[in-house]
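Enquirer: Pasting a structure below so you can have a look.
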Protein chains: 2
Amino acid sequence: MKALCFDGKKLEYISDYPKPQSDEALVKVTMAGICGTDLEILQGYMSYEGVLGHEFVGVVEDAKNKELIGKRVVGEINVGCQNCEVCKKGNERHCPNRTVLGILNRDGAFAQYLSLPEKNLHVIPDSISDKQAVFIEPVAAAFEIKEQISLKPDWQVAIVGDGRLAQLIVSVLRTSCSKVTCFGRHQNKLDRLEKLGIKTKIGISKEDQHYFDLVVEATGSTSGFLDSMKLVKPKGVVILKSTIASKENLDLTPAVVNEITLVGSRCGPFRPAINALASGIISVDDLIESEYPLEKFQQAFDEAKKSNTLKVVLKP
Amino acid sequence: MKALCFDGKKLEYISDYPKPQSDEALVKVTMAGICGTDLEILQGYMSYEGVLGHEFVGVVEDAKNKELIGKRVVGEINVGCQNCEVCKKGNERHCPNRTVLGILNRDGAFAQYLSLPEKNLHVIPDSISDKQAVFIEPVAAAFEIKEQISLKPDWQVAIVGDGRLAQLIVSVLRTSCSKVTCFGRHQNKLDRLEKLGIKTKIGISKEDQHYFDLVVEATGSTSGFLDSMKLVKPKGVVILKSTIASKENLDLTPAVVNEITLVGSRCGPFRPAINALASGIISVDDLIESEYPLEKFQQAFDEAKKSNTLKVVLKP
């Protein structure tokens with residue numbers, strides 16, 4: 001089959017990559033999104049080698065449960081060992097022996113086929129298009145914030161970042177909090193949010209400092225982290241939604257002095273994400289900027305890397 | 001009066017420092033403890049200049065409330081402006097315009113006299129000796145953890161560090177949690193905890209990794225932070241109890257991937273600290289290693305800086 005494979009140094013298109021062979025469900029990938037994590041992996045994050053990609057929608061081609069065959073599905077990306085204490089407590093996403101689609105010891109979605117355990121798959125309703133479904137995984141990651149924090153409707157909420165994930169986080173949080181401000185750097189991305197009625201800002205004014213009850217760091221940069229610490233009020237909460245590649249100048253002193261709570265946040269629950277897209281509460285229709293076949297991966301990745309680009313998808 | 005004053009470069013003994021003149025209560029300092037924060041200030045932390053010291057016990061010499069005069073007191077160290085939104089919400093400790101005794105724009109306790117607003121003072125019962133009372137401020141800082149986190153009795157708790165503050169944190173947390181392990185580096189300090197029935201360890205074994213529900217970082221070092229991230233289980237909590245001087249190599253990636261909650265923690269409530277010392281639930285009697293007059297501050301600080309020393313106090 002066709003696949004995009006990362007060998008630890010470079011990403012390569014392979015036309016005869018072996019098709020997945022396992023007890024798991026076999027899914028023919030319809031569409032897969034390029035995510036910030038994919039770009040980080042190309043820089044060495046997770047020391048991953050294998051087929052890249054973890055945001056996808058596809059059709060089940062083979063499964064033990066015959067009712068699944070032919071169904072349009074998305075898939076939870078973490079697969080636990082089922083044997084350890086963490087898995088036994090139902091916390092598979094944090095299993096120390098887990099594999100993660102396209103991220104950790106498990107071939108991913110930038111290929112014609114992938115395999116996942118049947119229980120990881122969610123059949124999606126007809127009301128969600130393929131182009132919408134490819135966002136279910138990152139929308140679920142945004143919903144994870146609501147699992148971790150009891151949001152109060154009158155909170156002042158700031159999102160730092162205006163990229164792919166930040167756009168989805170804004171949409172998810174505004175379903176619970178009306179006072180949401182997005183701090184970004186790219187006028188075209190902020191314009192999209194303004195159209196949705198979100199307050200946006202480039203740069204932090206004096207009035208913004210220590211004003212927000214909840215701040216979501218969604219840039220994955222040291223400067224985004226430092227901005228978040230400036231924005232959050234004493235005893236407030238900062239959600240760390242992106243891994244921060246640099247380890248330099250991450251000053252935690254303000255967190256101690258101002259008694260800030262920092263909450264690391266990763267993958268989230270698929271069900272509320274599917275419901276939100278099916279009901280139209282969250283719109284992702286204008287987020288895809290372009291589609292490429294796997295063969296044109298270089299163009300696709302070049303475009304995804306540009307700072308003013310939103311979502312780029314691959315069609316295997 | 002005699003005072004120890006830091007001019008931003010060096011600590012100096014001054015025999016004729018002006019006695020505090022203010023509307024506040026005037027307190028004659030009986031005894032004052034040297035804290036890790038004092039040592040950090042000498043390295044430039046907070047850019048503080050003035051009389052150092054914030055852990056003290058003294059006797060009220062003058063006050064508007066005449067009933068206070070002659071009473072033995074300890075004092076909360078944060079003084080809010082009373083006018084801002086933060087103060088109006090009763091959150092004076094986080095007032096953006098606050099002064100802090102011996103730390104921020106307010107002369108401290110390494111002097112014969114200090115002044116504080118009357119409402120900052122707590123009269124201490126006869127059952128608490130001066131040598132015990134000097135620990136009320138740091139014991140209160142340890143109690144702050146209980147204000148911030150709802151501790152569960154069956155949690156596995158780790159304290160990283162075996163110094164002055166770590167010793168008090170262990171004592172406070174074991175009143176709520178029976179399974180407390182202290183990870184330290186100094187056998188003599190760990191021996192003290194072993195005598196109190198606390199499990200202690202030097203070095204992290206494979207079994208310790210990602211085993212603890214709650215970890216308290218009490219070293220203020222990058223290595224202590226990294227150890228804490230190794231010890232805490234996925235979705236666990238790390239309390240940041242010390243400011244970390246270095247900004248290098250503070251990798252927050254594990255916090256995101258393992259969805260850790262980091263909670264900055266600073267000053268705490270005096271009342272439970274006073275009660276705990278008065279009732280004998282918490283013992284601090286063997287923590288003071290030596291006492292010095294102000295004039296011998298150099299010896300006192302040299303001793304406080306030694307890695308195997310517990311508490312050094314000054315008697316002005």
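Lettering and numbering for the structure tokens are positional, with chains as A, B, ... in the shown order, residues counted from 1 in each chain, and ligands counted from 1 in the shown order.
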Mind the document's chain letters and residue numbers, and return as a ChimeraX atom specification the residues of region 52-283 of chain A that DSSP labels strand (DSSP E).

Expert: /A:55-62,72-75,78-79,99-100,113-116,121-123,156-160,179-183,199-201,212-217,232-240,261-264

Enquirer: Can you list, as a list of chain:residue names, every protein, DNA or RNA residue that comes within 8 Å of Ala300 (chain B) when you count only C-alpha atoms, leaving out same-chain residues fewer than 2 positions away?

Expert: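 Skipping anything fewer than 2 positions along the chain leaves B:Glu291, B:Tyr292, B:Lys296, B:Phe297, B:Gln298, B:Asp302, B:Glu303, B:Ala304, B:Val312, B:Val313, B:Leu314.
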
Enquirer: Give me, as a Markdown table, each residue of chain A that comes within 8 Å of chain B, together with its shortest interatomic pair and the distance in Å at one decimal, counting only C-alpha atoms, with rows ordered by chain and rising residue number.

Expert:
```
| residue | atom | partner | partner_atom | distance |
| --- | --- | --- | --- | --- |
| A:His94 | CA | B:Pro234 | CA | 6.2 |
| A:Pro234 | CA | B:His94 | CA | 6.3 |
| A:Leu240 | CA | B:Val256 | CA | 6.2 |
| A:Lys241 | CA | B:Val256 | CA | 6.8 |
| A:Ser242 | CA | B:Val256 | CA | 6.9 |
| A:Thr243 | CA | B:Thr253 | CA | 5.0 |
| A:Ile244 | CA | B:Thr253 | CA | 6.2 |
| A:Ala245 | CA | B:Thr253 | CA | 7.7 |
| A:Ser246 | CA | B:Asp251 | CA | 7.8 |
| A:Lys247 | CA | B:Asn249 | CA | 4.8 |
| A:Glu248 | CA | B:Glu248 | CA | 5.0 |
| A:Asn249 | CA | B:Lys247 | CA | 4.8 |
| A:Leu250 | CA | B:Lys247 | CA | 5.5 |
| A:Asp251 | CA | B:Lys247 | CA | 5.1 |
| A:Leu252 | CA | B:Ile244 | CA | 6.7 |
| A:Thr253 | CA | B:Thr243 | CA | 5.0 |
| A:Ala255 | CA | B:Gly264 | CA | 5.0 |
| A:Val256 | CA | B:Gly264 | CA | 3.9 |
| A:Val257 | CA | B:Arg266 | CA | 6.0 |
| A:Asn258 | CA | B:His94 | CA | 6.7 |
| A:Glu259 | CA | B:Gly264 | CA | 4.2 |
| A:Ile260 | CA | B:Gly264 | CA | 5.2 |
| A:Thr261 | CA | B:Val263 | CA | 4.4 |
| A:Leu262 | CA | B:Leu262 | CA | 4.9 |
| A:Val263 | CA | B:Thr261 | CA | 4.4 |
| A:Gly264 | CA | B:Val256 | CA | 3.9 |
| A:Ser265 | CA | B:Glu259 | CA | 5.0 |
| A:Arg266 | CA | B:Val257 | CA | 6.0 |
```

Enquirer: Could you pull the residues within 10 Å of Leu4 (chain A), counting only C-alpha atoms, minus those fewer than 2 positions along the same chain, as a list in words?

Expert: Lys2, Phe6, Asp7, Leu11, Glu12, Tyr13, Ile14, Ser15, Tyr17, Gly50, Val51, Leu52, Gly53, Asp107, Gly108, Ala109, Phe110, Ala111, Gln112, Leu294, Glu295, Phe297 and Pro316 of chain A

Enquirer: Show which residues sit within 12 Å of Lys206 (chain B), as a list in words. Count only C-alpha atoms, and ignore same-chain residues fewer than 3 positions away.

Expert: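 My reading of the contact set: Gly203, Gln209, His210, Tyr211, Lys230 and Leu231 of chain B.
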
Enquirer: Which of region 81-287 of chain A end up as helix (DSSP H, G or I) when DSSP is run on this backbone - answer as a PyMOL selection string?

Expert: chain A and resi 85-88+92-94+118-120+130-133+136-148+164-173+187-195+206-208+222-231+253-257+270-279

Enquirer: By how many Å are CA of His54 (chain A) and CA of Cys35 (chain A) apart?

Expert: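 That distance, rounded to one decimal, is 8.2 Å.
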